[in-house]
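This report concerns only the one structure given below.
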Amino acid sequence: MSSTEPTTSLLNIPTSQAMFAQARELLPGGVNSPVRAFRAVGGQPLFIERGEGAYLVDVDGNRYVDYIMSWGPLILGHAHPDVVAALQEALPRGTSYGAPCPQEIELAELVMAHMPNIEMIRFVNSGTEATMSVLRLARAFTGRNKIIKFEGNYHGHADMLLVQAGSGVATLGLPDSPGVPAATVVDTLTARYNDLESVARLFEEFPNDIAALILEPVVGNMGLVAPLPEFLPGLRQLTKNYGALLVFDEVMTGFRVHPGGAQTLFDITPDLTALGKVIGGGLPVGAYGGRRDIMEMVAPVGPMYQAGTLSGNPLAMTAGIATIRGLTAPGVWEQMEERGEQLMRGLHAAAEEQGIPVSHSRVGTMFGLFFNGGPVIDWSSAKRSDTQRFGRYFQSMLAQGVYLAPSQFEAGFLSAAHGHAEIEATVNAAARAFASLKD
Ligand code: HOZ
């Protein structure tokens, strides 16, 4: 893995270049979230003027088919008319009340209708808040302190979870972070994704100490890595055997791999679930929920404290409601699956034709492409990918108007706005990009 200093871009982006120079004086790395800085792929980030359906338009007027979709939330595409109309209707009535509002009930009911394992829910403001809070709850409920997480899984940036993490920290080669006191991670145990033995060993070593096992049921933060068939049922059994809670971090996979999340797709009942992204339709949101007996530990019903000024605010709730209604409207999901299949078939054929070894996968509306002959089943196999080659592929795609995540270790996201034409253009661009990699 290498981190490349910004280089001259192939693109005509003078305004973005000027803005980046200015932003670097004001914001660390010129960005507000590290992976956006393009450090792993060279070049520099684009400054975005607007989003329209499947497209992003930068401040220099260049258009790109977008496969980041704000890192997942925009499953209906940018500025979807129903989401915009709902927000326009809600906005004049205020942005935040710091008091209950009807939209909280509506979104809670909608989420639970699709994820029946969630019997009660608490809305928060980000995925990081959701995972941090859900683990406090798991510890409170079980009276135990240790948690298990997997190498290459990313659950936001709470101290206790910045251990062997994926996403930006994996991209930048910083799987652990300075500033995290050793005491806060002493109870964080790590296992290998898709390796039940590695989990069983931890339970054997600490049979009465593990409060919860948290995972991305389909990992979207080390590229896209799906669970092997026996993995999730095996985790359910192990956690049950040892009295630990199974926590699905579906911040990314919720309403993305299936309208009912990975828990519905794989028919597994976690005790607790963390959500974010899609349920806020592009506004800041997170949530955690699950078994009623556990959720009743949350204050003010129970003693586990967690609070938030903007939690459940009417705008985020409104965007989430409109987004979930849109993605579950007749035919919408099926069409996204179809487009996803078309994209994967096209990428596979193009790579094969050029003799470029890749390993690709798709689960619902998330996809990944590793420059790696595969199989990719865990962080060790993911990190064997040719990241230099990914960087060249990324730059070629960008220059051809396709905006991918600027890291080998992030997933791609489809939306309902990606039509046949966008997919075809993407596959044609990829064919040219793969051809250029042979030089
Ligand atoms: N954690 C997200 C990527 N897996 C967020 C990245 C960003 O917003 O820059």
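Residues are named by chain letter and number: chains run A, B, ... in the order of the structure tokens, numbers start at 1 in each chain, and ligands are numbered from 1 in the order shown.
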
Dump the neighbourhood of ligand 1 as a ChimeraX atom specification: all residues within 9 Å, distances computed on only C-alpha atoms and all ligand atoms. /A:31-37,70-72,127-128,154-157,166-168,220-222,252,405,409-411

Could you name the residues that touch A:Val358 at 8 Å or less, counting only C-alpha atoms, but leaving out those on the same chain fewer than 3 positions away, as a ChimeraX atom specification? /A:348,351,369-374

Can you tell me, as a PyMOL selection string, which residues in stretch 160-284 of chain A count as strand (DSSP E) by DSSP? chain A and resi 188-191+210-215+245-249+272-276

Mind writing the picked residues with N, CA, C and O atoms as a PDB file, in the first residue's frame?
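Wrote it out as out-v6.pdb, contents follow:
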ATOM      1  N   THR A 188     -10.745  -4.258  23.221  1.00  0.00           N
ATOM      2  CA  THR A 188     -11.134  -4.513  21.830  1.00  0.00           C
ATOM      3  C   THR A 188     -10.309  -5.674  21.292  1.00  0.00           C
ATOM      4  O   THR A 188      -9.082  -5.573  21.154  1.00  0.00           O
ATOM      5  N   LEU A 189     -10.969  -6.771  20.977  1.00  0.00           N
ATOM      6  CA  LEU A 189     -10.277  -7.948  20.441  1.00  0.00           C
ATOM      7  C   LEU A 189     -10.533  -7.991  18.946  1.00  0.00           C
ATOM      8  O   LEU A 189     -11.618  -7.624  18.488  1.00  0.00           O
ATOM      9  N   THR A 190      -9.539  -8.460  18.187  1.00  0.00           N
ATOM     10  CA  THR A 190      -9.768  -8.523  16.739  1.00  0.00           C
ATOM     11  C   THR A 190      -9.661  -9.952  16.223  1.00  0.00           C
ATOM     12  O   THR A 190      -8.813 -10.729  16.654  1.00  0.00           O
ATOM     13  N   ALA A 191     -10.535 -10.252  15.278  1.00  0.00           N
ATOM     14  CA  ALA A 191     -10.534 -11.562  14.626  1.00  0.00           C
ATOM     15  C   ALA A 191     -10.468 -11.351  13.121  1.00  0.00           C
ATOM     16  O   ALA A 191     -10.514 -10.209  12.643  1.00  0.00           O
ATOM     17  N   ILE A 210     -16.946 -11.260  27.061  1.00  0.00           N
ATOM     18  CA  ILE A 210     -17.221 -10.573  25.789  1.00  0.00           C
ATOM     19  C   ILE A 210     -18.678 -10.104  25.744  1.00  0.00           C
ATOM     20  O   ILE A 210     -19.607 -10.908  25.785  1.00  0.00           O
ATOM     21  N   ALA A 211     -18.826  -8.774  25.676  1.00  0.00           N
ATOM     22  CA  ALA A 211     -20.170  -8.184  25.650  1.00  0.00           C
ATOM     23  C   ALA A 211     -20.799  -8.367  24.274  1.00  0.00           C
ATOM     24  O   ALA A 211     -21.984  -8.685  24.160  1.00  0.00           O
ATOM     25  N   ALA A 212     -20.007  -8.113  23.237  1.00  0.00           N
ATOM     26  CA  ALA A 212     -20.591  -8.082  21.892  1.00  0.00           C
ATOM     27  C   ALA A 212     -19.552  -8.360  20.830  1.00  0.00           C
ATOM     28  O   ALA A 212     -18.360  -8.112  21.012  1.00  0.00           O
ATOM     29  N   LEU A 213     -20.062  -8.866  19.738  1.00  0.00           N
ATOM     30  CA  LEU A 213     -19.257  -8.985  18.536  1.00  0.00           C
ATOM     31  C   LEU A 213     -19.906  -8.051  17.520  1.00  0.00           C
ATOM     32  O   LEU A 213     -21.111  -8.145  17.270  1.00  0.00           O
ATOM     33  N   ILE A 214     -19.125  -7.133  16.974  1.00  0.00           N
ATOM     34  CA  ILE A 214     -19.663  -6.186  15.991  1.00  0.00           C
ATOM     35  C   ILE A 214     -19.001  -6.446  14.649  1.00  0.00           C
ATOM     36  O   ILE A 214     -17.790  -6.711  14.587  1.00  0.00           O
ATOM     37  N   LEU A 215     -19.791  -6.408  13.592  1.00  0.00           N
ATOM     38  CA  LEU A 215     -19.197  -6.570  12.265  1.00  0.00           C
ATOM     39  C   LEU A 215     -20.036  -5.894  11.199  1.00  0.00           C
ATOM     40  O   LEU A 215     -21.222  -5.625  11.412  1.00  0.00           O
ATOM     41  N   LEU A 245     -23.667 -10.427  22.711  1.00  0.00           N
ATOM     42  CA  LEU A 245     -24.636  -9.893  21.751  1.00  0.00           C
ATOM     43  C   LEU A 245     -24.009  -9.812  20.358  1.00  0.00           C
ATOM     44  O   LEU A 245     -22.817  -9.503  20.222  1.00  0.00           O
ATOM     45  N   LEU A 246     -24.827 -10.100  19.355  1.00  0.00           N
ATOM     46  CA  LEU A 246     -24.369  -9.976  17.971  1.00  0.00           C
ATOM     47  C   LEU A 246     -24.867  -8.633  17.444  1.00  0.00           C
ATOM     48  O   LEU A 246     -26.076  -8.372  17.414  1.00  0.00           O
ATOM     49  N   VAL A 247     -23.913  -7.795  17.047  1.00  0.00           N
ATOM     50  CA  VAL A 247     -24.257  -6.453  16.575  1.00  0.00           C
ATOM     51  C   VAL A 247     -23.891  -6.326  15.102  1.00  0.00           C
ATOM     52  O   VAL A 247     -22.721  -6.454  14.729  1.00  0.00           O
ATOM     53  N   PHE A 248     -24.896  -6.093  14.283  1.00  0.00           N
ATOM     54  CA  PHE A 248     -24.637  -5.849  12.857  1.00  0.00           C
ATOM     55  C   PHE A 248     -24.471  -4.346  12.647  1.00  0.00           C
ATOM     56  O   PHE A 248     -25.374  -3.573  12.974  1.00  0.00           O
ATOM     57  N   ASP A 249     -23.324  -3.973  12.118  1.00  0.00           N
ATOM     58  CA  ASP A 249     -23.132  -2.589  11.693  1.00  0.00           C
ATOM     59  C   ASP A 249     -23.628  -2.514  10.249  1.00  0.00           C
ATOM     60  O   ASP A 249     -22.915  -2.862   9.312  1.00  0.00           O
ATOM     61  N   LEU A 272     -28.646  -6.502  17.985  1.00  0.00           N
ATOM     62  CA  LEU A 272     -28.671  -5.051  17.813  1.00  0.00           C
ATOM     63  C   LEU A 272     -28.130  -4.685  16.432  1.00  0.00           C
ATOM     64  O   LEU A 272     -27.325  -5.433  15.857  1.00  0.00           O
ATOM     65  N   THR A 273     -28.569  -3.534  15.950  1.00  0.00           N
ATOM     66  CA  THR A 273     -28.148  -3.086  14.614  1.00  0.00           C
ATOM     67  C   THR A 273     -27.790  -1.603  14.681  1.00  0.00           C
ATOM     68  O   THR A 273     -28.500  -0.837  15.340  1.00  0.00           O
ATOM     69  N   ALA A 274     -26.710  -1.244  13.986  1.00  0.00           N
ATOM     70  CA  ALA A 274     -26.380   0.177  13.814  1.00  0.00           C
ATOM     71  C   ALA A 274     -26.708   0.569  12.381  1.00  0.00           C
ATOM     72  O   ALA A 274     -26.436  -0.192  11.445  1.00  0.00           O
ATOM     73  N   LEU A 275     -27.308   1.735  12.221  1.00  0.00           N
ATOM     74  CA  LEU A 275     -27.684   2.216  10.888  1.00  0.00           C
ATOM     75  C   LEU A 275     -27.175   3.640  10.674  1.00  0.00           C
ATOM     76  O   LEU A 275     -26.794   4.325  11.623  1.00  0.00           O
ATOM     77  N   GLY A 276     -27.216   4.070   9.415  1.00  0.00           N
ATOM     78  CA  GLY A 276     -26.832   5.441   9.059  1.00  0.00           C
ATOM     79  C   GLY A 276     -27.099   5.621   7.576  1.00  0.00           C
ATOM     80  O   GLY A 276     -27.923   4.925   6.993  1.00  0.00           O
TER      81      GLY A 276
END

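Every protein or nucleic acid residue with an atom no more than 9 Å from A:Leu315, counting only C-alpha atoms and leaving out same-chain residues fewer than 5 positions away, appears here: A:Ala86, A:Leu87, A:Ala90, A:Leu91, A:Gly94, A:Thr95, A:Ser96, A:Gln103, A:Gly280, A:Leu283, A:Gly320.
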
For the residues in the current selection, export N, CA, C and O atoms as an mmCIF file, in the first residue's frame.
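Writing the result to again_1.cif gives the following:
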data_model
loop_
_atom_site.group_PDB
_atom_site.id
_atom_site.type_symbol
_atom_site.label_atom_id
_atom_site.label_comp_id
_atom_site.auth_asym_id
_atom_site.auth_seq_id
_atom_site.Cartn_x
_atom_site.Cartn_y
_atom_site.Cartn_z
ATOM 1 N N ALA A 86 -39.851 16.921 -0.571
ATOM 2 C CA ALA A 86 -40.169 16.670 0.840
ATOM 3 C C ALA A 86 -39.398 17.644 1.734
ATOM 4 O O ALA A 86 -39.940 18.190 2.697
ATOM 5 N N LEU A 87 -38.140 17.890 1.389
ATOM 6 C CA LEU A 87 -37.332 18.814 2.196
ATOM 7 C C LEU A 87 -37.834 20.250 2.050
ATOM 8 O O LEU A 87 -37.889 21.001 3.030
ATOM 9 N N ALA A 90 -40.724 20.651 4.203
ATOM 10 C CA ALA A 90 -40.426 20.627 5.648
ATOM 11 C C ALA A 90 -39.648 21.862 6.112
ATOM 12 O O ALA A 90 -39.837 22.331 7.239
ATOM 13 N N LEU A 91 -38.789 22.377 5.251
ATOM 14 C CA LEU A 91 -37.840 23.430 5.650
ATOM 15 C C LEU A 91 -38.473 24.683 6.270
ATOM 16 O O LEU A 91 -38.005 25.158 7.309
ATOM 17 N N GLY A 94 -38.966 24.814 10.001
ATOM 18 C CA GLY A 94 -37.851 24.799 10.956
ATOM 19 C C GLY A 94 -36.896 23.654 10.724
ATOM 20 O O GLY A 94 -37.259 22.628 10.142
ATOM 21 N N THR A 95 -35.653 23.849 11.186
ATOM 22 C CA THR A 95 -34.611 22.860 10.910
ATOM 23 C C THR A 95 -34.383 21.891 12.063
ATOM 24 O O THR A 95 -33.852 20.802 11.874
ATOM 25 N N SER A 96 -34.726 22.296 13.271
ATOM 26 C CA SER A 96 -34.505 21.411 14.420
ATOM 27 C C SER A 96 -35.339 21.932 15.579
ATOM 28 O O SER A 96 -35.446 23.149 15.763
ATOM 29 N N GLN A 103 -42.168 13.081 12.360
ATOM 30 C CA GLN A 103 -41.332 12.370 11.383
ATOM 31 C C GLN A 103 -40.492 11.269 12.035
ATOM 32 O O GLN A 103 -40.121 10.293 11.388
ATOM 33 N N GLY A 280 -30.923 8.456 6.210
ATOM 34 C CA GLY A 280 -30.971 9.922 6.304
ATOM 35 C C GLY A 280 -31.040 10.562 4.930
ATOM 36 O O GLY A 280 -31.025 11.791 4.826
ATOM 37 N N LEU A 283 -28.780 13.454 4.454
ATOM 38 C CA LEU A 283 -28.589 14.377 5.587
ATOM 39 C C LEU A 283 -27.946 13.600 6.736
ATOM 40 O O LEU A 283 -28.061 12.374 6.785
ATOM 41 N N GLY A 320 -34.910 10.859 5.005
ATOM 42 C CA GLY A 320 -34.866 9.400 5.160
ATOM 43 C C GLY A 320 -36.181 8.756 4.749
ATOM 44 O O GLY A 320 -36.192 7.736 4.044
#

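If only C-alpha atoms are the atoms counted, then among A:Tyr67, A:Trp379, A:Tyr193, A:Phe255 the closest residue to A:Tyr403 is A:Tyr67.
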
DSSP helix (DSSP H, G or I) residues within stretch 289-353 of chain A, as number ranges by chain: A: 292-295, 314-327, 332-353

Could you give me, as a tab-separated table, every stretch 296-378 of chain A residue with an atom at most 9 Å from stretch 140-148 of chain A, plus its closest atom pair and distance in Å to one decimal, counting only C-alpha atoms, rows ordered by chain then number?
residue	atom	partner	partner_atom	distance
A:Met297	CA	A:Phe141	CA	6.9
A:Pro303	CA	A:Ala140	CA	8.5
A:Met304	CA	A:Ala140	CA	6.5

Store the residues of this selection in a file with N, CA, C and O atoms, as a CSV table (one decimal), in the first residue's frame.
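Generated output (result-v4.csv):
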chain,number,residue,atom,x,y,z
A,297,MET,N,-32.9,-0.5,28.0
A,297,MET,CA,-31.8,-0.1,28.9
A,297,MET,C,-31.4,1.4,28.6
A,297,MET,O,-30.7,2.0,29.4
A,303,PRO,N,-30.9,3.0,32.4
A,303,PRO,CA,-29.8,3.8,32.9
A,303,PRO,C,-28.7,4.1,31.8
A,303,PRO,O,-27.8,4.9,32.1
A,304,MET,N,-28.7,3.5,30.7
A,304,MET,CA,-27.6,3.7,29.7
A,304,MET,C,-27.8,5.0,29.0
A,304,MET,O,-28.7,5.2,28.3

Which is closer to A:Arg201 than all the others in A:Ala54, A:Val402, A:Ile13, A:Leu238, using only C-alpha atoms? A:Leu238
